[in-house]
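What follows is run15.csv (CSV, C-alpha atoms).
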```csv
chain,number,residue,atom,x,y,z
A,1,MET,CA,57.5,72.9,101.5
A,2,GLY,CA,60.0,73.7,104.2
A,3,LEU,CA,62.7,71.7,102.4
A,4,VAL,CA,62.0,73.5,99.2
A,5,GLN,CA,62.2,76.9,100.9
A,6,ALA,CA,65.4,75.9,102.5
A,7,VAL,CA,67.0,75.0,99.2
A,8,LYS,CA,65.7,78.2,97.6
A,9,GLY,CA,67.1,80.3,100.5
A,10,ALA,CA,70.4,78.5,100.5
A,11,VAL,CA,71.0,79.0,96.8
A,12,GLY,CA,69.8,82.6,96.8
A,13,GLY,CA,71.9,83.5,99.8
A,14,VAL,CA,75.0,81.9,98.1
A,15,PHE,CA,74.6,84.0,95.0
A,16,ALA,CA,74.1,87.2,97.0
A,17,ASP,CA,77.1,86.5,99.2
A,18,GLN,CA,79.5,86.1,96.2
A,19,TRP,CA,79.7,89.8,96.0
A,20,LYS,CA,82.6,91.4,97.7
A,21,ASP,CA,81.8,93.8,100.6
A,22,PHE,CA,83.1,97.3,101.3
A,23,LEU,CA,82.9,97.8,105.1
A,24,THR,CA,83.3,101.1,106.7
A,25,VAL,CA,82.2,103.2,109.7
A,26,PRO,CA,78.5,103.7,110.1
A,27,ALA,CA,77.1,107.2,109.6
A,28,GLY,CA,75.7,109.4,112.4
A,29,LEU,CA,78.0,108.1,115.2
A,30,PRO,CA,78.2,110.1,118.4
A,31,PRO,CA,81.6,111.5,119.3
A,32,THR,CA,81.7,109.3,122.4
A,33,ALA,CA,81.1,106.0,120.6
A,34,ALA,CA,83.5,103.4,121.9
A,35,LEU,CA,82.6,100.2,120.0
A,36,PHE,CA,80.4,99.5,117.0
A,37,ALA,CA,80.1,97.1,114.1
A,38,ALA,CA,81.6,97.8,110.7
A,39,VAL,CA,78.8,98.1,108.1
A,40,PRO,CA,78.8,97.4,104.4
A,41,GLN,CA,78.3,100.3,102.1
A,42,GLY,CA,75.5,98.7,100.1
A,43,THR,CA,74.7,101.5,97.7
A,44,ASN,CA,76.7,104.2,95.9
A,45,ALA,CA,74.8,106.9,94.1
A,46,GLY,CA,72.2,104.2,93.2
A,47,ARG,CA,74.7,101.9,91.6
A,48,GLY,CA,75.3,99.5,94.4
A,49,SER,CA,74.0,95.9,94.0
A,50,ASN,CA,75.1,94.2,97.2
A,51,THR,CA,71.9,94.7,99.1
A,52,ARG,CA,70.9,91.1,99.9
A,53,GLY,CA,74.1,89.6,101.4
A,54,SER,CA,73.9,87.8,104.8
A,55,ASP,CA,74.5,89.9,107.8
A,56,HIS,CA,77.0,87.6,109.4
A,57,VAL,CA,79.2,86.7,106.4
A,58,ILE,CA,82.1,88.7,105.1
A,59,THR,CA,83.1,87.6,101.6
A,60,ASN,CA,86.7,86.9,100.8
A,61,GLY,CA,88.3,89.8,99.0
A,62,SER,CA,86.1,92.3,100.8
A,63,LYS,CA,87.7,95.6,101.8
A,64,ILE,CA,87.6,97.1,105.2
A,65,VAL,CA,88.8,100.7,105.7
A,66,VAL,CA,90.1,101.5,109.2
A,67,PRO,CA,90.1,105.3,109.8
A,68,GLU,CA,92.6,107.2,112.0
A,69,GLY,CA,92.0,106.8,115.7
A,70,TYR,CA,90.3,103.4,115.5
A,71,GLY,CA,91.2,99.8,115.7
A,72,LEU,CA,89.6,96.9,113.9
A,73,LEU,CA,88.5,93.8,115.8
A,74,LEU,CA,87.7,90.6,113.9
A,75,MET,CA,85.5,87.9,115.2
A,76,GLN,CA,84.6,84.4,114.0
A,77,ASP,CA,81.8,82.4,115.6
A,78,GLY,CA,82.0,84.5,118.7
A,79,ALA,CA,85.8,84.3,119.2
A,80,ILE,CA,88.2,87.2,118.6
A,81,THR,CA,90.5,86.1,115.7
A,82,GLY,CA,92.5,89.3,114.9
A,83,PHE,CA,93.1,93.0,115.7
A,84,VAL,CA,94.5,95.8,113.6
A,85,ALA,CA,95.5,99.1,115.2
A,86,GLU,CA,96.9,100.9,112.1
A,87,PRO,CA,94.7,102.9,109.8
A,88,GLY,CA,94.3,101.9,106.1
A,89,GLY,CA,92.5,99.6,103.8
A,90,TYR,CA,92.6,95.8,104.5
A,91,GLU,CA,91.3,92.8,102.6
A,92,TRP,CA,89.3,90.1,104.3
A,93,ARG,CA,90.5,86.5,103.8
A,94,SER,CA,89.1,83.5,105.6
A,95,ASP,CA,89.1,79.7,105.2
A,96,GLU,CA,85.5,79.6,106.2
A,97,VAL,CA,83.4,78.1,103.4
A,98,ASN,CA,80.8,80.7,103.7
A,99,SER,CA,83.3,83.4,102.9
A,100,GLN,CA,84.5,81.9,99.7
A,101,SER,CA,83.7,83.8,96.5
A,102,ILE,CA,84.1,83.3,92.8
A,103,PHE,CA,85.1,86.9,92.7
A,104,ALA,CA,88.0,86.3,95.1
A,105,GLY,CA,89.6,83.5,93.1
A,106,ASP,CA,88.1,80.7,95.1
A,107,GLY,CA,86.9,78.9,92.0
A,108,ILE,CA,83.6,79.1,90.1
A,109,VAL,CA,81.7,76.0,90.9
A,110,SER,CA,83.1,74.8,94.2
A,111,PRO,CA,82.2,77.8,96.4
A,112,LEU,CA,78.6,77.7,95.2
A,113,ILE,CA,78.1,74.0,95.7
A,114,ARG,CA,79.8,73.8,99.1
A,115,GLN,CA,78.0,76.9,100.4
A,116,SER,CA,74.7,75.7,99.2
A,117,TRP,CA,75.1,72.4,100.9
A,118,GLU,CA,76.3,74.0,104.2
A,119,ARG,CA,73.3,76.4,104.2
A,120,PHE,CA,70.9,73.7,103.3
A,121,LYS,CA,71.9,71.9,106.5
A,122,PHE,CA,71.1,75.1,108.5
A,123,GLY,CA,67.8,75.8,106.9
A,124,GLY,CA,69.1,78.2,104.3
A,125,GLN,CA,71.2,80.2,106.7
A,126,PRO,CA,75.0,80.4,106.8
A,127,GLY,CA,76.5,78.1,109.4
A,128,ALA,CA,79.0,80.6,110.5
A,129,GLN,CA,79.1,84.1,112.1
A,130,GLN,CA,81.7,86.6,111.1
A,131,ALA,CA,81.9,90.2,112.3
A,132,ALA,CA,84.2,93.2,112.2
A,133,PHE,CA,84.1,95.9,114.9
A,134,PHE,CA,85.7,99.3,115.2
A,135,VAL,CA,87.1,100.2,118.6
A,136,SER,CA,87.9,103.8,119.4
A,137,LEU,CA,91.5,104.4,120.4
A,138,LYS,CA,90.9,108.1,121.1
A,139,GLU,CA,90.2,109.9,124.4
A,140,LEU,CA,86.5,109.6,124.9
A,141,PRO,CA,85.2,112.8,126.5
A,142,ASP,CA,82.3,113.9,128.6
A,143,ASN,CA,82.3,111.1,131.2
A,144,ARG,CA,80.8,112.8,134.2
A,145,PHE,CA,81.0,112.2,137.9
A,146,GLY,CA,79.4,113.9,140.9
A,147,THR,CA,78.5,113.3,144.5
A,148,GLN,CA,75.1,114.1,146.1
A,149,SER,CA,76.6,114.4,149.6
A,150,GLU,CA,80.0,115.1,151.1
A,151,ILE,CA,82.9,112.7,150.7
A,152,TYR,CA,85.6,112.8,153.3
A,153,TRP,CA,89.3,112.1,153.2
A,154,ASP,CA,92.4,112.6,155.3
A,155,ASP,CA,94.3,115.6,154.1
A,156,GLY,CA,98.1,115.5,154.8
A,157,PHE,CA,98.6,119.3,154.2
A,158,LEU,CA,95.8,120.4,156.4
A,159,GLY,CA,96.5,117.7,158.9
A,160,THR,CA,92.9,116.6,159.4
A,161,GLN,CA,89.9,115.1,157.7
A,162,VAL,CA,88.2,117.4,155.2
A,163,GLY,CA,84.9,117.0,153.2
A,164,ALA,CA,83.3,118.3,150.1
A,165,ILE,CA,80.7,117.8,147.4
A,166,THR,CA,82.3,117.7,144.0
A,167,ARG,CA,81.4,117.2,140.4
A,168,GLY,CA,83.3,117.2,137.1
A,169,SER,CA,84.2,115.1,134.1
A,170,TYR,CA,87.0,112.9,132.8
A,171,THR,CA,88.3,111.5,129.5
A,172,LEU,CA,88.4,107.7,129.1
A,173,LYS,CA,90.7,105.6,126.9
A,174,ILE,CA,90.5,102.0,125.8
A,175,VAL,CA,94.1,100.9,126.2
A,176,ASP,CA,93.5,97.2,125.6
A,177,PRO,CA,90.6,96.6,123.1
A,178,ILE,CA,90.8,92.8,123.4
A,179,LEU,CA,90.5,92.9,127.2
A,180,PHE,CA,87.7,95.5,126.9
A,181,VAL,CA,85.6,93.3,124.6
A,182,LYS,CA,86.3,90.0,126.3
A,183,ASN,CA,85.8,91.1,129.9
A,184,PHE,CA,83.5,94.0,129.9
A,185,VAL,CA,81.3,94.6,126.8
A,186,PRO,CA,77.9,92.9,127.1
A,187,ALA,CA,77.1,90.5,124.3
A,188,SER,CA,74.1,92.6,123.3
A,189,TYR,CA,76.5,95.2,121.9
A,190,LEU,CA,78.4,92.7,119.7
A,191,GLN,CA,75.6,92.9,117.1
A,192,PRO,CA,75.2,95.0,113.9
A,193,GLY,CA,73.5,98.3,114.6
A,194,GLN,CA,74.5,98.5,118.3
A,195,VAL,CA,76.8,101.2,119.6
A,196,PHE,CA,78.6,101.0,122.9
A,197,ASP,CA,78.7,104.5,124.4
A,198,PHE,CA,80.1,105.3,127.8
A,199,THR,CA,77.8,108.4,128.1
A,200,ASP,CA,74.6,106.5,127.3
A,201,ILE,CA,72.4,106.6,130.4
A,202,ASP,CA,70.7,103.4,129.3
A,203,ASN,CA,74.1,101.5,129.1
A,204,ALA,CA,74.2,99.5,132.4
A,205,ALA,CA,77.9,98.8,132.0
A,206,ALA,CA,78.7,102.5,131.7
A,207,SER,CA,76.5,103.2,134.8
A,208,GLN,CA,78.7,100.7,136.7
A,209,LEU,CA,81.8,102.7,135.7
A,210,PHE,CA,80.2,105.9,137.0
A,211,ASN,CA,79.4,104.3,140.3
A,212,GLU,CA,83.0,103.0,140.6
A,213,VAL,CA,84.5,106.4,139.9
A,214,VAL,CA,82.3,108.1,142.5
A,215,GLY,CA,83.4,105.4,145.0
A,216,SER,CA,87.0,106.2,144.1
A,217,LEU,CA,86.9,109.9,144.6
A,218,ALA,CA,87.7,110.0,148.3
A,219,PRO,CA,90.8,107.7,147.9
A,220,ALA,CA,91.8,109.9,144.9
A,221,PHE,CA,91.6,113.1,146.9
A,222,SER,CA,93.7,111.5,149.6
A,223,LEU,CA,96.3,110.2,147.2
A,224,TYR,CA,96.6,113.7,145.6
A,225,THR,CA,96.8,115.8,148.7
A,226,ASN,CA,99.0,113.4,150.6
A,227,ASP,CA,101.7,113.0,147.9
A,228,PRO,CA,104.9,114.1,149.6
A,229,ALA,CA,106.7,114.5,146.3
A,230,LYS,CA,104.2,117.1,145.1
A,231,GLY,CA,103.3,118.9,148.3
A,232,ASN,CA,99.9,119.5,146.7
A,233,ARG,CA,97.3,121.5,148.5
A,234,ILE,CA,93.6,120.9,148.3
A,235,THR,CA,93.2,124.2,146.5
A,236,LYS,CA,95.3,123.0,143.5
A,237,LEU,CA,92.9,120.2,142.6
A,238,GLN,CA,91.0,122.3,140.1
A,239,GLN,CA,94.2,123.6,138.4
A,240,ASP,CA,95.9,120.2,137.9
A,241,SER,CA,93.8,118.1,135.6
A,242,LEU,CA,96.6,115.7,134.7
A,243,GLY,CA,97.8,115.3,138.3
A,244,PHE,CA,94.4,114.6,139.7
A,245,ALA,CA,93.6,112.3,136.8
A,246,GLN,CA,96.6,110.2,137.7
A,247,SER,CA,95.4,110.0,141.4
A,248,LEU,CA,91.9,109.1,140.3
A,249,SER,CA,93.1,106.5,137.8
A,250,ALA,CA,95.4,105.0,140.5
A,251,ALA,CA,92.4,104.8,143.0
A,252,VAL,CA,90.2,103.2,140.4
A,253,GLU,CA,92.8,100.7,139.4
A,254,GLN,CA,93.4,99.8,143.1
A,255,GLY,CA,89.8,99.4,143.8
A,256,TYR,CA,88.3,98.0,140.6
A,257,GLN,CA,91.3,97.0,138.3
A,258,TRP,CA,90.1,98.9,135.3
A,259,LYS,CA,93.3,98.7,133.3
A,260,SER,CA,94.4,95.2,134.2
A,261,ASP,CA,90.9,93.5,133.9
A,262,ARG,CA,89.0,95.8,131.5
A,263,GLY,CA,91.6,97.6,129.4
A,264,LEU,CA,90.4,101.0,130.4
A,265,ALA,CA,92.2,104.1,131.8
A,266,ILE,CA,91.3,107.6,132.9
A,267,VAL,CA,93.5,110.2,131.1
A,268,LYS,CA,92.4,113.7,132.1
A,269,THR,CA,89.9,115.2,134.6
A,270,ALA,CA,88.1,118.5,134.8
A,271,ILE,CA,86.7,119.4,138.2
A,272,VAL,CA,83.8,121.8,137.7
A,273,SER,CA,83.2,122.6,141.4
A,274,ILE,CA,84.2,121.6,144.9
A,275,GLU,CA,81.8,122.7,147.7
A,276,TYR,CA,83.6,122.2,151.0
A,277,ASP,CA,81.7,121.6,154.2
A,278,ALA,CA,81.5,124.3,156.9
A,279,ASN,CA,84.5,122.9,158.9
A,280,THR,CA,86.7,122.7,155.9
A,281,ARG,CA,85.8,126.2,154.7
A,282,GLU,CA,86.7,127.6,158.2
A,283,LEU,CA,90.0,125.6,158.2
A,284,LEU,CA,90.9,126.9,154.7
A,285,LYS,CA,90.3,130.5,155.9
A,286,THR,CA,92.8,129.8,158.8
A,287,VAL,CA,95.4,128.4,156.5
A,288,GLN,CA,95.0,131.3,154.1
A,289,ARG,CA,95.4,133.8,157.0
A,290,ALA,CA,98.5,132.0,158.1
A,291,ASP,CA,99.9,132.1,154.6
A,292,ALA,CA,99.3,135.8,154.4
A,293,LEU,CA,101.1,136.4,157.8
A,294,ALA,CA,104.2,134.5,156.7
A,295,GLY,CA,107.5,136.2,155.7
A,296,THR,CA,108.0,139.9,155.0
A,297,ARG,CA,104.4,140.4,153.9
A,298,GLY,CA,103.3,138.8,157.2
A,299,ASN,CA,105.4,141.2,159.2
A,300,SER,CA,103.9,144.2,157.4
A,301,ASN,CA,100.4,142.9,158.0
A,302,LEU,CA,101.1,142.3,161.7
A,303,GLN,CA,102.5,145.8,162.1
A,304,ALA,CA,99.4,147.2,160.5
A,305,SER,CA,97.2,145.1,162.8
A,306,VAL,CA,99.1,146.3,165.9
A,307,ALA,CA,98.9,149.9,164.9
A,308,GLN,CA,95.1,149.5,164.3
A,309,GLY,CA,94.8,147.9,167.7
A,310,MET,CA,96.7,150.7,169.5
A,311,GLN,CA,94.4,153.3,167.8
A,312,SER,CA,91.3,151.3,168.8
A,313,ALA,CA,92.6,150.9,172.4
A,314,GLY,CA,93.2,154.6,172.7
A,315,GLU,CA,89.7,155.5,171.4
A,316,HIS,CA,87.7,153.0,173.3
A,317,GLY,CA,89.5,150.8,175.7
A,318,GLY,CA,91.9,152.9,177.7
A,319,ALA,CA,94.1,150.8,179.9
A,320,ALA,CA,92.0,147.7,179.3
A,321,GLY,CA,92.5,148.1,175.6
A,322,LEU,CA,96.3,148.3,176.2
A,323,VAL,CA,96.1,145.1,178.2
A,324,GLY,CA,94.4,143.3,175.3
A,325,LEU,CA,97.0,144.7,172.9
A,326,GLY,CA,99.8,143.5,175.2
A,327,MET,CA,98.3,140.0,175.2
A,328,ALA,CA,98.0,140.0,171.4
A,329,SER,CA,101.5,141.2,171.0
A,330,GLY,CA,102.7,138.5,173.3
A,331,MET,CA,101.0,135.9,171.2
A,332,ALA,CA,102.5,137.3,168.1
A,333,GLY,CA,106.0,137.3,169.6
A,334,GLY,CA,105.8,140.7,171.3
A,335,LEU,CA,105.9,144.2,169.9
A,336,GLY,CA,109.7,144.0,170.1
A,337,SER,CA,109.7,141.2,167.5
A,338,LEU,CA,108.3,143.6,164.8
A,339,GLN,CA,110.7,145.0,162.3
A,340,GLN,CA,110.7,148.7,163.0
A,341,PRO,CA,111.6,151.2,160.4
A,342,ALA,CA,115.0,153.0,160.8
A,343,THR,CA,114.8,156.0,163.0
A,344,PRO,CA,116.6,159.2,161.9
A,345,PRO,CA,119.5,160.3,164.2
A,346,ALA,CA,117.6,163.4,165.3
A,347,ALA,CA,114.7,161.3,166.5
A,348,ALA,CA,116.7,158.6,168.2
A,349,ALA,CA,115.1,156.9,171.2
A,350,PRO,CA,116.5,157.3,174.7
A,351,ALA,CA,119.5,155.2,175.7
A,352,ALA,CA,118.4,151.6,176.3
A,353,ASP,CA,120.8,151.4,179.3
A,354,ASP,CA,119.0,154.2,181.3
A,355,PRO,CA,117.9,152.4,184.6
A,356,VAL,CA,115.3,155.0,185.3
A,357,SER,CA,113.7,154.5,181.9
A,358,LYS,CA,113.7,150.7,182.4
A,359,LEU,CA,112.1,151.0,185.8
A,360,THR,CA,109.5,153.4,184.6
A,361,LYS,CA,108.4,151.1,181.8
A,362,ALA,CA,108.5,148.1,184.2
A,363,LYS,CA,106.3,150.0,186.7
A,364,GLU,CA,103.8,150.8,184.0
A,365,MET,CA,103.6,147.2,182.9
A,366,LEU,CA,103.1,146.1,186.5
A,367,ASP,CA,100.3,148.6,187.0
A,368,LEU,CA,98.6,147.4,183.8
A,369,GLY,CA,98.9,143.8,185.0
A,370,LEU,CA,101.2,142.8,182.1
A,371,ILE,CA,103.8,141.4,184.6
A,372,THR,CA,103.7,140.1,188.1
A,373,GLN,CA,105.3,141.7,191.2
A,374,ALA,CA,108.0,139.0,191.1
A,375,ASP,CA,108.8,140.0,187.5
A,376,TYR,CA,109.0,143.6,188.5
A,377,ASP,CA,111.3,142.9,191.4
A,378,ALA,CA,113.6,140.9,189.1
A,379,LEU,CA,113.7,143.7,186.5
A,380,LYS,CA,114.4,146.3,189.3
A,381,ALA,CA,117.3,144.3,190.7
A,382,LYS,CA,118.8,143.9,187.2
A,383,ALA,CA,118.4,147.6,186.4
A,384,LEU,CA,120.1,148.7,189.6
A,385,GLY,CA,122.8,146.1,189.4
A,386,LEU,CA,121.8,144.4,192.6
```

Once more with this new file: its structure as structure tokens, please.
Amino acid sequence: MGLVQAVKGAVGGVFADQWKDFLTVPAGLPPTAALFAAVPQGTNAGRGSNTRGSDHVITNGSKIVVPEGYGLLLMQDGAITGFVAEPGGYEWRSDEVNSQSIFAGDGIVSPLIRQSWERFKFGGQPGAQQAAFFVSLKELPDNRFGTQSEIYWDDGFLGTQVGAITRGSYTLKIVDPILFVKNFVPASYLQPGQVFDFTDIDNAAASQLFNEVVGSLAPAFSLYTNDPAKGNRITKLQQDSLGFAQSLSAAVEQGYQWKSDRGLAIVKTAIVSIEYDANTRELLKTVQRADALAGTRGNSNLQASVAQGMQSAGEHGGAAGLVGLGMASGMAGGLGSLQQPATPPAAAAPAADDPVSKLTKAKEMLDLGLITQADYDALKAKALGL
């Protein structure tokens, strides 16, 4: 009985597989799909008749349509036999006996007899496996990353170690489909009906990529902020999606060889948030304050701070307030270092060469403790020309 059924299945399968196939992209694909099998369009408004062909046989003369943004990967008995990167319609041709068809000019009797005999030997099943897969050549979005605790890196601009919790997303591109399929895609996804999606939480291979990206974040931050050619600051990370993507891609390649071993590359990044630790936040405040006090704007800010300090000293501190003001002005380069506005001729200050004025000011500074007795004696000798 088994032999009879095998013969019946062999002959029936041969006749069904004489029909040419029309292979195309399956319906309902997610926008992040990276790899999936081409599927035959078995029906067309109820007129299709090719509904009983074998799953793993592509008939000679069958047409495969490659849409824009996708490549076509051909496989025979588990091995990659061809790749097409240009969109358009292509015709399948193979020397495999199971692909021969009377509709493709392979003869009328010979294909039927040879295929029947081959399938009879395999219990009615075709003794070959052929498949066509579409591979996305587009940027695949919505690949997310994030850290649960602070990561730390050495920041060249700040000159110390900084830390932050960060999260964001990146776009991924398959730059070498053959490497991608041979070295990374699990065999379970090289089947009809399976879709390899990097964002699928049940995809163990995609989860591995997520972990490797998280492990590369600290080196990526270090590469970005320590690049002497760019002079990048930590605060520019969220504004430079391409620049940080290059640093992240370089860190991933250095640590895990995505491009050379797997045919994958990170194209763009979007950092949603960076939450710096307490020490880094305080350091950033100091750097921002220093930036604000630089140049002409800084001189104006410093003059305003000194004026406010003099007013506060006069209201609350008396001589002690003036001492503090003197110390602050000394740290900032002294009051004399400030750029004073031009004084009208009528309100001109006393002559700077007046020795009495010099000694009076020096005595006041000595009484306030701003200078020592030795400093005062030196100023006195200089003013009197001794």

As an mmCIF file with C-alpha atoms, keeping the file's coordinate frame, please: the residues near Phe221 (chain A) (cut-off 9 Å, only C-alpha atoms, same-chain neighbours under 5 positions excluded).
```
data_model
loop_
_atom_site.group_PDB
_atom_site.id
_atom_site.type_symbol
_atom_site.label_atom_id
_atom_site.label_comp_id
_atom_site.auth_asym_id
_atom_site.auth_seq_id
_atom_site.Cartn_x
_atom_site.Cartn_y
_atom_site.Cartn_z
ATOM 1 C CA TYR A 152 85.600 112.800 153.300
ATOM 2 C CA TRP A 153 89.300 112.100 153.200
ATOM 3 C CA ASP A 154 92.400 112.600 155.300
ATOM 4 C CA ASP A 155 94.300 115.600 154.100
ATOM 5 C CA SER A 216 87.000 106.200 144.100
ATOM 6 C CA ASN A 226 99.000 113.400 150.600
ATOM 7 C CA ILE A 234 93.600 120.900 148.300
ATOM 8 C CA LEU A 237 92.900 120.200 142.600
ATOM 9 C CA PHE A 244 94.400 114.600 139.700
ATOM 10 C CA SER A 247 95.400 110.000 141.400
ATOM 11 C CA LEU A 248 91.900 109.100 140.300
#
```

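The closest residue to Ala270 (chain A), picked from A:Gln238, A:Gln254, A:Asn183, A:Ser249 and counting all atoms listed in the file, is A:Gln238.
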
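Taking CA of Leu242 (chain A) and CA of Gly159 (chain A) as the two end points, the separation is 24.3 Å.
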
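When CA of Asp227 (chain A) is paired with CA of Gly163 (chain A), their separation reads 18.1 Å.
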
>> Rounded to one decimal, what separation in Å do you get between CA of Thr147 (chain A) and CA of Gln208 (chain A)?
In response: 14.8 Å

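With distances taken over all atoms listed in the file, A:Ala218 is the one residue among A:Ala218, A:Ala37, A:Asn60, A:Gln288 lying closest to Ile165 (chain A).
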
> Near Val267 (chain A), counting all atoms listed in the file, which residues have an atom at most 12 Å away, once you skip same-chain residues fewer than 6 positions from it, shown as a PyMOL selection string?
Replying inline: chain A and resi 138-141+143+169-175+241-250+259

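Of the listed residues (A:Thr199, A:Asp277, A:Ala205, A:Ser62), A:Ala205 comes nearest to Arg262 (chain A); the distances count all atoms listed in the file.
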